[in-house]
>>> print(open('run_21.pdb').read())   # PDB, C-alpha atoms
MODEL        1
ATOM      1  CA  MET A   9      24.799 -44.546  31.743
ATOM      2  CA  THR A  10      28.063 -43.639  30.071
ATOM      3  CA  PRO A  11      29.358 -40.046  30.219
ATOM      4  CA  GLN A  12      28.948 -39.680  26.440
ATOM      5  CA  ALA A  13      25.293 -40.730  26.536
ATOM      6  CA  GLU A  14      24.656 -38.416  29.462
ATOM      7  CA  GLN A  15      26.173 -35.433  27.628
ATOM      8  CA  LEU A  16      24.153 -36.257  24.487
ATOM      9  CA  LYS A  17      20.997 -36.255  26.580
ATOM     10  CA  LYS A  18      21.858 -32.803  28.000
ATOM     11  CA  SER A  19      22.667 -31.212  24.621
ATOM     12  CA  LYS A  20      19.182 -30.783  23.179
ATOM     13  CA  ILE A  21      18.899 -28.625  20.089
ATOM     14  CA  PHE A  22      15.763 -26.781  21.241
ATOM     15  CA  THR A  23      14.392 -26.360  24.724
ATOM     16  CA  VAL A  24      10.732 -25.779  25.496
ATOM     17  CA  PHE A  25      11.495 -22.065  25.944
ATOM     18  CA  ASP A  26      13.071 -21.932  22.450
ATOM     19  CA  VAL A  27       9.987 -23.483  20.848
ATOM     20  CA  ILE A  28       7.659 -21.054  22.648
ATOM     21  CA  LEU A  29       9.827 -18.084  21.650
ATOM     22  CA  ILE A  30       9.895 -19.167  17.999
ATOM     23  CA  ALA A  31       6.110 -19.626  17.981
ATOM     24  CA  VAL A  32       5.512 -16.152  19.470
ATOM     25  CA  VAL A  33       7.863 -14.484  16.977
ATOM     26  CA  LEU A  34       6.223 -16.323  14.075
ATOM     27  CA  ILE A  35       2.749 -15.258  15.207
ATOM     28  CA  LEU A  36       3.869 -11.629  15.553
ATOM     29  CA  CYS A  37       5.365 -11.688  12.066
ATOM     30  CA  LEU A  38       2.200 -13.099  10.493
ATOM     31  CA  LEU A  39      -0.229 -10.856  12.407
ATOM     32  CA  PRO A  40      -0.238  -7.999   9.831
ATOM     33  CA  LEU A  41      -1.028 -10.495   7.073
ATOM     34  CA  PHE A  42      -4.064 -11.769   8.985
ATOM     35  CA  PHE A  43      -5.356  -8.227   9.544
ATOM     36  CA  LYS A  44      -4.934  -7.399   5.870
ATOM     37  CA  LEU A  45      -6.963 -10.479   4.905
ATOM     38  CA  ILE A  46      -9.663  -9.902   7.515
ATOM     39  CA  VAL A  47     -10.079  -6.117   7.217
ATOM     40  CA  PRO A  48     -10.359  -5.014   3.589
ATOM     41  CA  PRO A  49      -8.765  -1.676   2.690
ATOM     42  CA  GLU A  50     -11.003   1.373   2.887
ATOM     43  CA  LYS A  51     -12.357   2.386  -0.485
ATOM     44  CA  GLY A  52     -11.490   5.941  -1.342
ATOM     45  CA  LYS A  53     -14.206   8.546  -1.642
ATOM     46  CA  THR A  54     -12.276  11.367  -3.255
ATOM     47  CA  VAL A  55      -9.131  11.899  -5.291
ATOM     48  CA  LYS A  56      -6.778  14.823  -4.759
ATOM     49  CA  ILE A  57      -4.790  15.884  -7.823
ATOM     50  CA  THR A  58      -1.863  18.235  -7.217
ATOM     51  CA  HIS A  59       0.121  19.988  -9.957
ATOM     52  CA  ASN A  60       2.504  22.942  -9.467
ATOM     53  CA  GLY A  61       1.405  23.317  -5.840
ATOM     54  CA  VAL A  62      -2.288  23.630  -6.734
ATOM     55  CA  SER A  63      -4.594  20.884  -5.453
ATOM     56  CA  GLN A  64      -8.071  19.993  -6.643
ATOM     57  CA  THR A  65     -10.321  17.364  -5.050
ATOM     58  CA  TYR A  66     -12.821  15.327  -7.051
ATOM     59  CA  SER A  67     -15.346  12.633  -6.198
ATOM     60  CA  LEU A  68     -14.580   9.071  -7.278
ATOM     61  CA  ASN A  69     -18.310   8.489  -7.772
ATOM     62  CA  LYS A  70     -18.446  10.675 -10.881
ATOM     63  CA  ASN A  71     -16.579   9.692 -14.057
ATOM     64  CA  ALA A  72     -14.338  12.436 -15.425
ATOM     65  CA  THR A  73     -11.293  12.995 -17.630
ATOM     66  CA  PHE A  74      -8.600  15.640 -17.083
ATOM     67  CA  ASN A  75      -5.761  16.770 -19.345
ATOM     68  CA  ILE A  76      -3.000  18.227 -17.188
ATOM     69  CA  ASP A  77       0.212  19.289 -18.922
ATOM     70  CA  GLY A  78      -0.050  16.510 -21.513
ATOM     71  CA  ALA A  79      -1.097  13.806 -19.029
ATOM     72  CA  VAL A  80      -4.602  12.369 -19.337
ATOM     73  CA  ILE A  81      -6.001  11.382 -15.914
ATOM     74  CA  LYS A  82      -9.270   9.485 -15.845
ATOM     75  CA  ILE A  83     -11.754   8.823 -13.013
ATOM     76  CA  GLU A  84     -13.862   5.809 -13.899
ATOM     77  CA  ASN A  85     -15.982   3.387 -11.836
ATOM     78  CA  GLY A  86     -14.569   4.484  -8.469
ATOM     79  CA  ALA A  87     -10.913   4.373  -9.548
ATOM     80  CA  VAL A  88      -8.446   6.868 -10.987
ATOM     81  CA  PHE A  89      -5.540   6.271 -13.357
ATOM     82  CA  PHE A  90      -3.186   7.921 -15.810
ATOM     83  CA  GLU A  91      -4.649   6.931 -19.161
ATOM     84  CA  SER A  92      -1.757   8.365 -21.168
ATOM     85  CA  ASN A  93       1.153  10.734 -20.791
ATOM     86  CA  ASP A  94       3.706  12.272 -23.110
ATOM     87  CA  CYS A  95       6.545  12.073 -20.559
ATOM     88  CA  PRO A  96       9.549   9.889 -21.459
ATOM     89  CA  THR A  97       9.231   7.156 -18.796
ATOM     90  CA  LYS A  98       5.441   6.691 -18.536
ATOM     91  CA  GLN A  99       5.873   5.180 -15.019
ATOM     92  CA  CYS A 100       2.593   6.828 -14.011
ATOM     93  CA  VAL A 101       0.691   5.023 -16.784
ATOM     94  CA  HIS A 102       2.161   1.682 -15.656
ATOM     95  CA  THR A 103       0.924   2.303 -12.091
ATOM     96  CA  GLY A 104      -2.571   1.305 -13.188
ATOM     97  CA  LYS A 105      -5.870   1.999 -11.461
ATOM     98  CA  ILE A 106      -5.913   3.067  -7.813
ATOM     99  CA  SER A 107      -9.029   3.133  -5.634
ATOM    100  CA  ASN A 108      -8.099   2.500  -1.974
ATOM    101  CA  ALA A 109      -7.542   5.251   0.565
ATOM    102  CA  GLY A 110      -3.852   6.106   0.768
ATOM    103  CA  ASP A 111      -3.000   4.878  -2.740
ATOM    104  CA  SER A 112      -1.151   7.299  -4.981
ATOM    105  CA  ALA A 113       0.253   7.679  -8.481
ATOM    106  CA  ILE A 114       2.917  10.200  -9.410
ATOM    107  CA  CYS A 115       4.328  11.644 -12.613
ATOM    108  CA  MET A 116       7.718  12.891 -11.426
ATOM    109  CA  PRO A 117       8.821  14.651 -14.646
ATOM    110  CA  LYS A 118       5.692  16.835 -14.656
ATOM    111  CA  GLY A 119       5.130  17.057 -10.897
ATOM    112  CA  ILE A 120       1.623  15.593 -10.951
ATOM    113  CA  TYR A 121       0.566  13.839  -7.748
ATOM    114  CA  VAL A 122      -2.679  11.853  -7.550
ATOM    115  CA  GLN A 123      -3.784  10.620  -4.105
ATOM    116  CA  ILE A 124      -6.891   8.743  -2.949
ATOM    117  CA  VAL A 125      -8.420  10.189   0.205
ATOM    118  CA  GLY A 126     -10.690   7.999   2.354
ATOM    119  CA  ASP A 127     -13.099  10.271   4.169
ATOM    120  CA  GLY A 128     -12.926  13.396   2.061
ATOM    121  CA  PHE A 129     -10.460  15.102   4.400
ATOM    122  CA  ASP A 130      -6.714  14.956   3.894
ATOM    123  CA  GLY A 131      -5.734  16.738   7.111
ATOM    124  CA  SER A 132      -4.553  19.922   5.419
ATOM    125  CA  SER A 133      -6.091  23.264   6.155
ATOM    126  CA  LYS A 134      -7.118  25.664   3.422
TER     127      LYS A 134
ENDMDL
END
>>> encode(input="run_21.pdb", output="structure tokens")
Amino acid sequence: MTPQAEQLKKSKIFTVFDVILIAVVLILCLLPLFFKLIVPPEKGKTVKITHNGVSQTYSLNKNATFNIDGAVIKIENGAVFFESNDCPTKQCVHTGKISNAGDSAICMPKGIYVQIVGDGFDGSSK
């Protein structure tokens, strides 16, 4: 065998270790996606609405409408959303309906914070 052919044989692009390492990294990167597909997000049971430091908690099982400082917040069919708002940006209205535990919608200009709570407890003490 010529020296050039021998060197070409030695200079492999990937070794077996490289292939195994790439496979492990790929699996670790895709693992959260698999869990998200397999385990559906927890449906929220309550919604906590905070405005000016005052929080109120409501059930998502009962339809209701609230007018807070010009913002209309609606609970309907297990979801909550900003139906309308007279603030300039209306980002909160574009957020849409939220219903999973941990989801939130915020109206920054008016300081209204809407958060879905999973088990009815948000970890704060009163």
>>> resolve_selection(input="run_21.pdb", expression="the PyMOL selection byres ((chain A and resi 112) around 10)", output="ChimeraX atom specification")
/A:55-57,88-89,100,103,105-111,113-114,121-125
>>> write_last_selection(input="run_21.pdb", atoms="C-alpha atoms", output="CSV table (one decimal), in the frame of the given file")
chain,number,residue,atom,x,y,z
A,55,VAL,CA,-9.1,11.9,-5.3
A,56,LYS,CA,-6.8,14.8,-4.8
A,57,ILE,CA,-4.8,15.9,-7.8
A,88,VAL,CA,-8.4,6.9,-11.0
A,89,PHE,CA,-5.5,6.3,-13.4
A,100,CYS,CA,2.6,6.8,-14.0
A,103,THR,CA,0.9,2.3,-12.1
A,105,LYS,CA,-5.9,2.0,-11.5
A,106,ILE,CA,-5.9,3.1,-7.8
A,107,SER,CA,-9.0,3.1,-5.6
A,108,ASN,CA,-8.1,2.5,-2.0
A,109,ALA,CA,-7.5,5.3,0.6
A,110,GLY,CA,-3.9,6.1,0.8
A,111,ASP,CA,-3.0,4.9,-2.7
A,113,ALA,CA,0.3,7.7,-8.5
A,114,ILE,CA,2.9,10.2,-9.4
A,121,TYR,CA,0.6,13.8,-7.7
A,122,VAL,CA,-2.7,11.9,-7.6
A,123,GLN,CA,-3.8,10.6,-4.1
A,124,ILE,CA,-6.9,8.7,-2.9
A,125,VAL,CA,-8.4,10.2,0.2
>>> resolve_selection(input="run_21.pdb", expression="the PyMOL selection byres ((chain A and resi 117) around 9)", output="ChimeraX atom specification")
/A:95-97,115-116,118-120
>>> write_last_selection(input="run_21.pdb", atoms="C-alpha atoms", output="compact mmCIF listing (two decimals), in the frame of the given file")
# COMPACT_ATOMS: atom_id res chain seq x y z
CA CYS A 95 6.54 12.07 -20.56
CA PRO A 96 9.55 9.89 -21.46
CA THR A 97 9.23 7.16 -18.80
CA CYS A 115 4.33 11.64 -12.61
CA MET A 116 7.72 12.89 -11.43
CA LYS A 118 5.69 16.84 -14.66
CA GLY A 119 5.13 17.06 -10.90
CA ILE A 120 1.62 15.59 -10.95
>>> closest_residue(input="run_21.pdb", among="A:Leu39, A:Val32, A:Ser63, A:Gly104", to="A:Lys82", atoms="all atoms listed in the file")
A:Gly104
>>> atom_distance(input="run_21.pdb", atom1="atom CA of A:Ile76", atom2="atom CA of A:Val101")
13.7 Å
>>> atom_distance(input="run_21.pdb", atom1="atom CA of A:Gly86", atom2="atom CA of A:Asn69")
5.5 Å
>>> atom_distance(input="run_21.pdb", atom1="atom CA of A:Asp94", atom2="atom CA of A:Asp77")
8.9 Å
>>> residues_near_point(input="run_21.pdb", point="(-7.0, 7.9, -21.2)", cutoff="8 Å", atoms="only C-alpha atoms", output="PyMOL selection string")
chain A and resi 73+80-82+90-92
>>> build_atoms(input="run_21.pdb", residues="stretch 105-116 of chain A", atoms="all heavy atoms", output="PDB file, keeping the file's coordinate frame")
ATOM      1  N   LYS A 105      -4.752   1.389 -12.168  1.00  0.00           N
ATOM      2  CA  LYS A 105      -5.870   1.999 -11.461  1.00  0.00           C
ATOM      3  C   LYS A 105      -5.637   1.935  -9.954  1.00  0.00           C
ATOM      4  O   LYS A 105      -5.194   0.914  -9.436  1.00  0.00           O
ATOM      5  CB  LYS A 105      -7.172   1.287 -11.806  1.00  0.00           C
ATOM      6  CG  LYS A 105      -7.572   1.441 -13.256  1.00  0.00           C
ATOM      7  CD  LYS A 105      -8.885   0.757 -13.561  1.00  0.00           C
ATOM      8  CE  LYS A 105      -9.255   0.978 -15.019  1.00  0.00           C
ATOM      9  NZ  LYS A 105     -10.539   0.385 -15.362  1.00  0.00           N
ATOM     10  N   ILE A 106      -5.980   3.024  -9.272  1.00  0.00           N
ATOM     11  CA  ILE A 106      -5.913   3.067  -7.813  1.00  0.00           C
ATOM     12  C   ILE A 106      -7.285   3.455  -7.285  1.00  0.00           C
ATOM     13  O   ILE A 106      -7.984   4.271  -7.889  1.00  0.00           O
ATOM     14  CB  ILE A 106      -4.817   4.029  -7.309  1.00  0.00           C
ATOM     15  CG1 ILE A 106      -5.014   5.453  -7.843  1.00  0.00           C
ATOM     16  CG2 ILE A 106      -3.430   3.515  -7.690  1.00  0.00           C
ATOM     17  CD1 ILE A 106      -4.056   6.474  -7.250  1.00  0.00           C
ATOM     18  N   SER A 107      -7.696   2.838  -6.166  1.00  0.00           N
ATOM     19  CA  SER A 107      -9.029   3.133  -5.634  1.00  0.00           C
ATOM     20  C   SER A 107      -9.112   3.071  -4.109  1.00  0.00           C
ATOM     21  O   SER A 107     -10.132   3.431  -3.550  1.00  0.00           O
ATOM     22  CB  SER A 107     -10.048   2.153  -6.224  1.00  0.00           C
ATOM     23  OG  SER A 107      -9.714   0.830  -5.854  1.00  0.00           O
ATOM     24  N   ASN A 108      -8.064   2.622  -3.431  1.00  0.00           N
ATOM     25  CA  ASN A 108      -8.099   2.500  -1.974  1.00  0.00           C
ATOM     26  C   ASN A 108      -7.493   3.727  -1.314  1.00  0.00           C
ATOM     27  O   ASN A 108      -6.544   4.316  -1.827  1.00  0.00           O
ATOM     28  CB  ASN A 108      -7.343   1.252  -1.518  1.00  0.00           C
ATOM     29  CG  ASN A 108      -7.997  -0.014  -2.019  1.00  0.00           C
ATOM     30  OD1 ASN A 108      -9.220  -0.100  -2.103  1.00  0.00           O
ATOM     31  ND2 ASN A 108      -7.200  -0.995  -2.361  1.00  0.00           N
ATOM     32  N   ALA A 109      -8.037   4.092  -0.168  1.00  0.00           N
ATOM     33  CA  ALA A 109      -7.542   5.251   0.565  1.00  0.00           C
ATOM     34  C   ALA A 109      -6.053   5.084   0.841  1.00  0.00           C
ATOM     35  O   ALA A 109      -5.596   4.028   1.251  1.00  0.00           O
ATOM     36  CB  ALA A 109      -8.303   5.401   1.877  1.00  0.00           C
ATOM     37  N   GLY A 110      -5.301   6.137   0.559  1.00  0.00           N
ATOM     38  CA  GLY A 110      -3.852   6.106   0.768  1.00  0.00           C
ATOM     39  C   GLY A 110      -3.056   5.752  -0.473  1.00  0.00           C
ATOM     40  O   GLY A 110      -1.856   5.980  -0.519  1.00  0.00           O
ATOM     41  N   ASP A 111      -3.699   5.198  -1.490  1.00  0.00           N
ATOM     42  CA  ASP A 111      -3.000   4.878  -2.740  1.00  0.00           C
ATOM     43  C   ASP A 111      -2.626   6.180  -3.451  1.00  0.00           C
ATOM     44  O   ASP A 111      -3.318   7.189  -3.328  1.00  0.00           O
ATOM     45  CB  ASP A 111      -3.882   4.052  -3.678  1.00  0.00           C
ATOM     46  CG  ASP A 111      -4.078   2.623  -3.219  1.00  0.00           C
ATOM     47  OD1 ASP A 111      -3.370   2.205  -2.284  1.00  0.00           O
ATOM     48  OD2 ASP A 111      -4.928   1.927  -3.792  1.00  0.00           O
ATOM     49  N   SER A 112      -1.542   6.115  -4.226  1.00  0.00           N
ATOM     50  CA  SER A 112      -1.151   7.299  -4.981  1.00  0.00           C
ATOM     51  C   SER A 112      -0.455   6.898  -6.268  1.00  0.00           C
ATOM     52  O   SER A 112       0.059   5.800  -6.405  1.00  0.00           O
ATOM     53  CB  SER A 112      -0.237   8.194  -4.137  1.00  0.00           C
ATOM     54  OG  SER A 112       0.940   7.495  -3.797  1.00  0.00           O
ATOM     55  N   ALA A 113      -0.457   7.825  -7.208  1.00  0.00           N
ATOM     56  CA  ALA A 113       0.253   7.679  -8.481  1.00  0.00           C
ATOM     57  C   ALA A 113       0.909   9.024  -8.752  1.00  0.00           C
ATOM     58  O   ALA A 113       0.310  10.077  -8.521  1.00  0.00           O
ATOM     59  CB  ALA A 113      -0.704   7.297  -9.595  1.00  0.00           C
ATOM     60  N   ILE A 114       2.148   8.974  -9.241  1.00  0.00           N
ATOM     61  CA  ILE A 114       2.917  10.200  -9.410  1.00  0.00           C
ATOM     62  C   ILE A 114       3.570  10.232 -10.790  1.00  0.00           C
ATOM     63  O   ILE A 114       4.105   9.231 -11.244  1.00  0.00           O
ATOM     64  CB  ILE A 114       4.019  10.295  -8.336  1.00  0.00           C
ATOM     65  CG1 ILE A 114       3.421  10.238  -6.936  1.00  0.00           C
ATOM     66  CG2 ILE A 114       4.851  11.554  -8.508  1.00  0.00           C
ATOM     67  CD1 ILE A 114       4.442  10.069  -5.842  1.00  0.00           C
ATOM     68  N   CYS A 115       3.539  11.391 -11.411  1.00  0.00           N
ATOM     69  CA  CYS A 115       4.328  11.644 -12.613  1.00  0.00           C
ATOM     70  C   CYS A 115       5.430  12.611 -12.179  1.00  0.00           C
ATOM     71  O   CYS A 115       5.198  13.808 -12.038  1.00  0.00           O
ATOM     72  CB  CYS A 115       3.484  12.252 -13.728  1.00  0.00           C
ATOM     73  SG  CYS A 115       4.493  12.670 -15.174  1.00  0.00           S
ATOM     74  N   MET A 116       6.611  12.080 -11.921  1.00  0.00           N
ATOM     75  CA  MET A 116       7.718  12.891 -11.426  1.00  0.00           C
ATOM     76  C   MET A 116       8.181  13.945 -12.436  1.00  0.00           C
ATOM     77  O   MET A 116       8.433  15.084 -12.040  1.00  0.00           O
ATOM     78  CB  MET A 116       8.890  11.998 -11.003  1.00  0.00           C
ATOM     79  CG  MET A 116       8.606  11.159  -9.778  1.00  0.00           C
ATOM     80  SD  MET A 116       8.214  12.129  -8.322  1.00  0.00           S
ATOM     81  CE  MET A 116       9.819  12.756  -7.916  1.00  0.00           C
TER      82      MET A 116
END
